[in-house]
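Only one structure is covered here, and it is reproduced in the block below.
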Amino acid sequence: MELIHRNLLIGIHDALQETFFEDRKYADKVIERLLKANRKWGSEDRKVVSQIFYDIIRWKKRLEYYMGEGVKPNNIYKLILAYCLWTKTYYKKFEEFDGIKNADILNKLKKNTVPTKAIEYSIPEWLAETMEKELGNNWEKEMHALNEQAPTILRANTLKTTAKELISDLKDENVESFQIRNYPDAVQLDEKKNVFLTSAFKDGLFEVQDASSQKIGELLDVQEGMRVVDACAGAGGKTLHLAALMKNKGQIIALDIYEWKLAELKRRAKRAGAHNIETRFIEDNKVIKRLHEKADRLLIDAPCSGLGILKRNPDSKWKIDQDFIDRIKQEQQQILQDYSKMLKKGGKMVYATCSILPSENNEQVEKFLKNNEGFSLLKEEKVMPSEGFDGFYMALIQRNA
């Protein structure tokens, strides 16, 4: 990889500055806007910008060690230079690099060692402690996996196509892909491509959804004609999967506390041809109360730390702290208590997170079951990042009384 165009360097610099120092700016949206604003960049330029941008976010703490200082709004060019030297990326001697002392960075690189595990894996010190405490000796293996780039996985929309047909349609548009064993609707791209420009996407033949995430819809065991509630639906990736599994028959009620997410869900549902979804904005507790004991199936895709999906959201590790995790655990327990009342007797629910911390996962389920004798655990599954896809936890729980 080479960094030889000044406008690419400036683009990376500005995108990093926005991600690190502006409030509520998330890497995926920042890079999306940058690439949209520079439509003249070719596919190779886009690849270089995206890779360097995400790599620097991922390895920020390690790069700060090589730089000998923390990242600040006025030293981002030094951060980019440290990255180029560490990864042996060929770069032109841009004027933005003038006055930066290479020697200090190169001396540290020569040593080929770093002082702490947090620096080695490029995570905050508190997070290294939390991971070790909760995952024991396995934490380094998982952290190693979380620092790899995530593959692009699609879910074939079975309301309109099959995984096999989707692979063929994508091939016609010069996008190579293959099926994943044991994941019936999952299709993996050979290499990163902007699939949102394809006719297959515009025609609603697929959604981008990680393979681990696709397991959640399968676990919920939905049937045609059921009433299903997706209680934390967000923009609806899992809601759309449920609609496909139900073959558009029955009713899915998609709830969320953010109206804009439900508006996005409606847009996606239209493209996917999913007609059995009704959205409801949770503006107060009455919305939940009206659904007490009405659901055959209930999905609680709970808000969480997101530590299982750092492969694709590396910036989130710089935006959360231990206080956030403690708060989110209280929220998870509250949601379980309140939302589980929507389930009919004999109905089943899935509690799921994209975290790998037991304190957000099985420990939350154990606590809930201890306080709610009318519920029992049927099955639980955890997918760890070292298995190749995103880290997820899911538990299938039945309401007996």
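Here, A, B, ... name the chains of the structure tokens in the order displayed, residue numbers run from 1 inside each chain, and ligands are numbered from 1 in the same displayed order.
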
Long-range neighbours of Ile252 of chain A as a PDB file with N, CA and C atoms, in the first residue's frame, 9 Å cut-off, only C-alpha atoms, 4 positions minimum in chain:
ATOM      1  N   MET A 226     -47.276 -16.139  13.503  1.00  0.00           N
ATOM      2  CA  MET A 226     -47.096 -15.732  14.904  1.00  0.00           C
ATOM      3  C   MET A 226     -47.127 -14.213  15.058  1.00  0.00           C
ATOM      4  N   ARG A 227     -47.322 -13.785  16.319  1.00  0.00           N
ATOM      5  CA  ARG A 227     -47.099 -12.371  16.643  1.00  0.00           C
ATOM      6  C   ARG A 227     -45.739 -12.287  17.336  1.00  0.00           C
ATOM      7  N   VAL A 228     -44.831 -11.557  16.718  1.00  0.00           N
ATOM      8  CA  VAL A 228     -43.453 -11.458  17.204  1.00  0.00           C
ATOM      9  C   VAL A 228     -43.155 -10.001  17.550  1.00  0.00           C
ATOM     10  N   VAL A 229     -42.544  -9.782  18.703  1.00  0.00           N
ATOM     11  CA  VAL A 229     -42.137  -8.426  19.080  1.00  0.00           C
ATOM     12  C   VAL A 229     -40.608  -8.345  19.073  1.00  0.00           C
ATOM     13  N   ASP A 230     -40.079  -7.399  18.303  1.00  0.00           N
ATOM     14  CA  ASP A 230     -38.644  -7.086  18.339  1.00  0.00           C
ATOM     15  C   ASP A 230     -38.525  -5.811  19.179  1.00  0.00           C
ATOM     16  N   THR A 239     -34.919  -7.568  12.509  1.00  0.00           N
ATOM     17  CA  THR A 239     -36.361  -7.541  12.215  1.00  0.00           C
ATOM     18  C   THR A 239     -36.618  -8.073  10.807  1.00  0.00           C
ATOM     19  N   LEU A 242     -36.265 -11.768  10.608  1.00  0.00           N
ATOM     20  CA  LEU A 242     -37.452 -12.448  11.158  1.00  0.00           C
ATOM     21  C   LEU A 242     -38.590 -12.449  10.131  1.00  0.00           C
ATOM     22  N   ALA A 243     -38.766 -11.327   9.424  1.00  0.00           N
ATOM     23  CA  ALA A 243     -39.820 -11.250   8.394  1.00  0.00           C
ATOM     24  C   ALA A 243     -39.596 -12.308   7.318  1.00  0.00           C
ATOM     25  N   ASN A 276     -44.909  -7.477   6.751  1.00  0.00           N
ATOM     26  CA  ASN A 276     -45.602  -7.838   8.002  1.00  0.00           C
ATOM     27  C   ASN A 276     -45.011  -7.143   9.234  1.00  0.00           C
ATOM     28  N   ILE A 277     -44.343  -5.998   8.993  1.00  0.00           N
ATOM     29  CA  ILE A 277     -43.688  -5.270  10.103  1.00  0.00           C
ATOM     30  C   ILE A 277     -44.468  -3.989  10.414  1.00  0.00           C
ATOM     31  N   GLU A 278     -44.758  -3.811  11.697  1.00  0.00           N
ATOM     32  CA  GLU A 278     -45.385  -2.566  12.161  1.00  0.00           C
ATOM     33  C   GLU A 278     -44.423  -1.922  13.158  1.00  0.00           C
ATOM     34  N   THR A 279     -44.094  -0.656  12.965  1.00  0.00           N
ATOM     35  CA  THR A 279     -43.173   0.010  13.899  1.00  0.00           C
ATOM     36  C   THR A 279     -43.946   0.780  14.966  1.00  0.00           C
TER      37      THR A 279
END

Please list as a ChimeraX atom specification every residue within 7 Å of segment 70-86 of chain A, counting only C-alpha atoms and excluding residues in the same chain fewer than 2 positions away.
/A:13,17,56,63-64,66-67,88-90,96-97,100,105,109

Take the residues just selected and output them with all heavy atoms as a compact mmCIF listing (two decimals), in the first residue's frame.
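Output file out.txt is given in full below:
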# COMPACT_ATOMS: atom_id res chain seq x y z
N HIS A 13 -6.48 12.75 7.52
CA HIS A 13 -6.26 13.64 8.67
C HIS A 13 -7.58 14.21 9.19
O HIS A 13 -7.89 14.13 10.38
CB HIS A 13 -5.32 14.78 8.25
CG HIS A 13 -5.18 15.86 9.27
ND1 HIS A 13 -6.12 16.88 9.40
CD2 HIS A 13 -4.24 16.10 10.24
CE1 HIS A 13 -5.77 17.68 10.39
NE2 HIS A 13 -4.62 17.24 10.91
N GLN A 17 -9.51 13.46 12.76
CA GLN A 17 -9.77 14.57 13.68
C GLN A 17 -11.25 14.60 14.10
O GLN A 17 -11.57 14.75 15.27
CB GLN A 17 -9.40 15.89 13.00
CG GLN A 17 -9.38 17.06 13.97
CD GLN A 17 -8.47 18.18 13.46
OE1 GLN A 17 -8.47 18.49 12.29
NE2 GLN A 17 -7.70 18.79 14.34
N ILE A 56 -5.55 3.12 11.76
CA ILE A 56 -5.05 4.08 12.76
C ILE A 56 -5.99 4.15 13.95
O ILE A 56 -5.54 4.20 15.11
CB ILE A 56 -4.84 5.47 12.11
CG1 ILE A 56 -3.61 5.42 11.19
CG2 ILE A 56 -4.65 6.55 13.19
CD1 ILE A 56 -3.33 6.70 10.42
N LEU A 63 0.21 3.34 18.47
CA LEU A 63 0.85 4.42 17.70
C LEU A 63 1.23 5.59 18.61
O LEU A 63 2.26 6.23 18.41
CB LEU A 63 -0.06 4.88 16.57
CG LEU A 63 -0.32 3.84 15.46
CD1 LEU A 63 -1.43 4.30 14.53
CD2 LEU A 63 0.96 3.55 14.66
N GLU A 64 0.41 5.85 19.62
CA GLU A 64 0.73 6.91 20.59
C GLU A 64 2.02 6.57 21.33
O GLU A 64 2.84 7.45 21.61
CB GLU A 64 -0.41 7.07 21.60
CG GLU A 64 -1.63 7.77 21.03
CD GLU A 64 -2.80 7.83 22.00
OE1 GLU A 64 -2.96 6.90 22.82
OE2 GLU A 64 -3.58 8.79 21.95
N TYR A 66 4.52 4.79 20.07
CA TYR A 66 5.62 5.04 19.12
C TYR A 66 5.89 6.55 18.97
O TYR A 66 7.03 6.98 18.81
CB TYR A 66 5.32 4.42 17.75
CG TYR A 66 5.25 2.90 17.77
CD1 TYR A 66 4.28 2.21 17.03
CD2 TYR A 66 6.13 2.15 18.54
CE1 TYR A 66 4.22 0.82 17.04
CE2 TYR A 66 6.07 0.76 18.56
CZ TYR A 66 5.10 0.10 17.81
OH TYR A 66 5.03 -1.27 17.84
N MET A 67 4.82 7.34 19.01
CA MET A 67 4.96 8.80 18.89
C MET A 67 5.57 9.42 20.14
O MET A 67 6.14 10.50 20.09
CB MET A 67 3.57 9.45 18.72
CG MET A 67 2.95 9.34 17.36
SD MET A 67 1.17 9.71 17.48
CE MET A 67 1.19 11.42 17.95
N LYS A 88 5.42 0.07 7.42
CA LYS A 88 6.28 0.13 6.23
C LYS A 88 5.46 0.50 4.98
O LYS A 88 5.66 -0.04 3.89
CB LYS A 88 7.04 -1.17 6.01
CG LYS A 88 8.01 -1.49 7.15
CD LYS A 88 8.81 -2.74 6.86
CE LYS A 88 9.97 -2.94 7.82
NZ LYS A 88 9.57 -3.15 9.21
N THR A 89 4.51 1.40 5.17
CA THR A 89 3.71 1.94 4.06
C THR A 89 4.53 3.01 3.36
O THR A 89 5.00 3.95 3.99
CB THR A 89 2.39 2.56 4.59
OG1 THR A 89 1.63 1.53 5.22
CG2 THR A 89 1.57 3.20 3.49
N TYR A 90 4.71 2.86 2.05
CA TYR A 90 5.48 3.87 1.31
C TYR A 90 4.68 5.18 1.28
O TYR A 90 3.48 5.20 1.01
CB TYR A 90 5.74 3.39 -0.13
CG TYR A 90 6.39 4.47 -0.97
CD1 TYR A 90 7.75 4.73 -0.84
CD2 TYR A 90 5.64 5.26 -1.84
CE1 TYR A 90 8.36 5.75 -1.57
CE2 TYR A 90 6.23 6.28 -2.58
CZ TYR A 90 7.59 6.52 -2.44
OH TYR A 90 8.17 7.53 -3.15
N GLU A 96 3.26 18.40 5.14
CA GLU A 96 2.59 18.22 6.45
C GLU A 96 3.47 17.42 7.42
O GLU A 96 3.27 17.48 8.64
CB GLU A 96 1.24 17.51 6.27
CG GLU A 96 0.14 18.38 5.73
CD GLU A 96 0.23 18.63 4.22
OE1 GLU A 96 1.08 18.01 3.52
OE2 GLU A 96 -0.56 19.46 3.74
N PHE A 97 4.43 16.66 6.89
CA PHE A 97 5.32 15.87 7.75
C PHE A 97 6.60 16.63 8.13
O PHE A 97 7.42 16.11 8.89
CB PHE A 97 5.71 14.55 7.05
CG PHE A 97 4.57 13.57 6.87
CD1 PHE A 97 4.61 12.61 5.85
CD2 PHE A 97 3.47 13.59 7.71
CE1 PHE A 97 3.58 11.69 5.69
CE2 PHE A 97 2.44 12.68 7.56
CZ PHE A 97 2.49 11.73 6.54
N ILE A 100 8.64 16.85 11.79
CA ILE A 100 8.36 15.70 12.68
C ILE A 100 9.61 14.85 12.76
O ILE A 100 10.19 14.46 11.74
CB ILE A 100 7.17 14.87 12.16
CG1 ILE A 100 5.89 15.71 12.10
CG2 ILE A 100 6.93 13.64 13.06
CD1 ILE A 100 4.70 15.03 11.43
N ILE A 105 10.59 7.76 16.69
CA ILE A 105 9.63 6.71 16.33
C ILE A 105 10.39 5.46 15.89
O ILE A 105 10.12 4.34 16.34
CB ILE A 105 8.68 7.19 15.20
CG1 ILE A 105 7.87 8.41 15.67
CG2 ILE A 105 7.74 6.07 14.75
CD1 ILE A 105 7.08 9.13 14.58
N LEU A 109 10.49 1.54 17.28
CA LEU A 109 10.13 0.43 16.39
C LEU A 109 11.23 -0.63 16.34
O LEU A 109 10.95 -1.82 16.28
CB LEU A 109 9.84 0.96 14.97
CG LEU A 109 8.52 1.72 14.79
CD1 LEU A 109 8.47 2.40 13.44
CD2 LEU A 109 7.33 0.78 14.95

In segment 277-393 of chain A, what's alpha helix (DSSP H) per DSSP? Answer as a PyMOL selection string?
chain A and resi 286-289+316-319+322-339+362-371

Tell me which of A:Asp284, A:Asp301, A:Asp315, A:Asp296 sits closest to Gly347 of chain A, counting only C-alpha atoms.
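Ranked by minimum distance to Gly347 of chain A, first place goes to A:Asp296.
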
Mind checking which residues fall within 10 Å of Gly308 of chain A, counting only C-alpha atoms, ignoring those fewer than 3 positions away in the same chain, and posting them as a PyMOL selection string?
chain A and resi 142-143+146+304-305+311-313+353-357+383-385+389-393

Do a neighbour search on Leu34 of chain A at 10 Å with only C-alpha atoms, toss out local chain neighbours closer than 3 positions, and write the hits as a CSV table (one decimal) with N, CA and C atoms, in the first residue's frame.
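Produced file around.csv, reproduced below:
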chain,number,residue,atom,x,y,z
A,11,GLY,N,-7.5,14.1,3.6
A,11,GLY,CA,-8.8,13.5,3.8
A,11,GLY,C,-8.7,12.6,5.1
A,12,ILE,N,-7.6,11.8,5.2
A,12,ILE,CA,-7.4,10.9,6.3
A,12,ILE,C,-7.3,11.7,7.6
A,14,ASP,N,-8.4,14.8,8.3
A,14,ASP,CA,-9.6,15.4,8.7
A,14,ASP,C,-10.6,14.4,9.3
A,15,ALA,N,-10.7,13.2,8.7
A,15,ALA,CA,-11.6,12.2,9.1
A,15,ALA,C,-11.2,11.7,10.5
A,29,LYS,N,-19.7,6.5,9.8
A,29,LYS,CA,-20.4,7.6,9.2
A,29,LYS,C,-19.4,8.6,8.7
A,30,VAL,N,-18.3,8.8,9.4
A,30,VAL,CA,-17.3,9.8,9.0
A,30,VAL,C,-16.7,9.4,7.7
A,31,ILE,N,-16.3,8.1,7.6
A,31,ILE,CA,-15.6,7.7,6.3
A,31,ILE,C,-16.6,7.7,5.2
A,37,ALA,N,-18.0,12.8,-0.4
A,37,ALA,CA,-17.6,14.2,-0.8
A,37,ALA,C,-16.4,14.1,-1.8
A,38,ASN,N,-15.8,13.0,-2.0
A,38,ASN,CA,-14.7,12.9,-3.0
A,38,ASN,C,-15.0,11.8,-4.0
A,39,ARG,N,-16.0,12.0,-4.8
A,39,ARG,CA,-16.4,11.0,-5.7
A,39,ARG,C,-15.4,10.8,-6.8
A,46,ARG,N,-9.8,5.0,-2.7
A,46,ARG,CA,-10.8,4.7,-1.6
A,46,ARG,C,-10.3,3.6,-0.7
A,49,VAL,N,-7.5,5.0,1.6
A,49,VAL,CA,-8.0,5.9,2.6
A,49,VAL,C,-8.8,5.1,3.7
A,50,SER,N,-9.6,4.2,3.3
A,50,SER,CA,-10.4,3.5,4.3
A,50,SER,C,-9.5,2.6,5.2

Selected residue, from A:Ile4, A:Val48, A:Ala254, A:Ile309, that lies nearest to Leu35 of chain A when counting only C-alpha atoms
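Looking at the shortest contact to Leu35 of chain A, the residue is A:Val48.
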
Can you pull out the residues contacting Glu165 of chain A? Cut-off 12 Å, using only C-alpha atoms, and skip same-chain residues under 3 positions away; I want them as JSON, numbers by chain.
{"A": [156, 157, 158, 160, 161, 162, 168, 169, 170, 171, 172, 177, 178, 179, 185, 187, 200, 205, 206]}

Interatomic distance (Å, one decimal) between atom CA of Gln214 of chain A and atom CA of His241 of chain A
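We find that atom CA of Gln214 of chain A and atom CA of His241 of chain A lie 7.5 Å from each other.
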
Residues within 6 Å of segment 115-122 of chain A, only C-alpha atoms, excluding chain neighbours under 6 positions, as a ChimeraX atom specification
/A:59,61-62,128

With only C-alpha atoms as the counted atoms, please give the residues lying no more than 10 Å from Asp256 of chain A, apart from itself and same-chain residues fewer than 5 positions off, as an mmCIF file with C-alpha atoms, in the first residue's frame.
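Saved as out02.cif:
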data_model
loop_
_atom_site.group_PDB
_atom_site.id
_atom_site.type_symbol
_atom_site.label_atom_id
_atom_site.label_comp_id
_atom_site.auth_asym_id
_atom_site.auth_seq_id
_atom_site.Cartn_x
_atom_site.Cartn_y
_atom_site.Cartn_z
ATOM 1 C CA ASP A 230 -38.644 -7.086 18.339
ATOM 2 C CA ALA A 231 -38.247 -4.910 21.439
ATOM 3 C CA CYS A 232 -34.980 -3.086 20.606
ATOM 4 C CA ALA A 233 -35.349 -3.127 16.827
ATOM 5 C CA GLY A 234 -33.044 -0.229 15.927
ATOM 6 C CA ALA A 235 -32.729 0.118 12.155
ATOM 7 C CA GLY A 236 -34.078 -3.396 11.790
ATOM 8 C CA LYS A 261 -34.105 4.332 13.628
ATOM 9 C CA LEU A 262 -37.664 3.128 13.032
ATOM 10 C CA THR A 279 -43.173 0.010 13.899
ATOM 11 C CA ARG A 280 -44.028 1.526 17.279
ATOM 12 C CA PHE A 281 -42.042 4.282 18.953
ATOM 13 C CA ILE A 282 -41.584 3.714 22.708
ATOM 14 C CA GLU A 283 -42.531 7.181 23.932
#

May I ask which of the residues A:Lys141, A:Tyr65, A:Lys238, A:Gln149 is the closest one to Ile52 of chain A, counting only C-alpha atoms?
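So, comparing all the options, the nearest one is A:Gln149.
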
Would you mind writing down, as a ChimeraX atom specification, each residue of segment 135-317 of chain A that DSSP on the backbone assigns to strand (DSSP E or B)?
/A:153-156,177-179,186-189,206-208,227-230,251-256,277-281,295-301

Please report the interatomic distance between atom CA of Glu148 of chain A and atom CA of Lys319 of chain A in Å with one decimal.
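Taking atom CA of Glu148 of chain A and atom CA of Lys319 of chain A, their separation equals 19.2 Å.
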
Atom pair atom CA of Leu377 of chain A / atom CA of Leu396 of chain A: separation (Å):
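Calculated distance between atom CA of Leu377 of chain A and atom CA of Leu396 of chain A is 6.2 Å.
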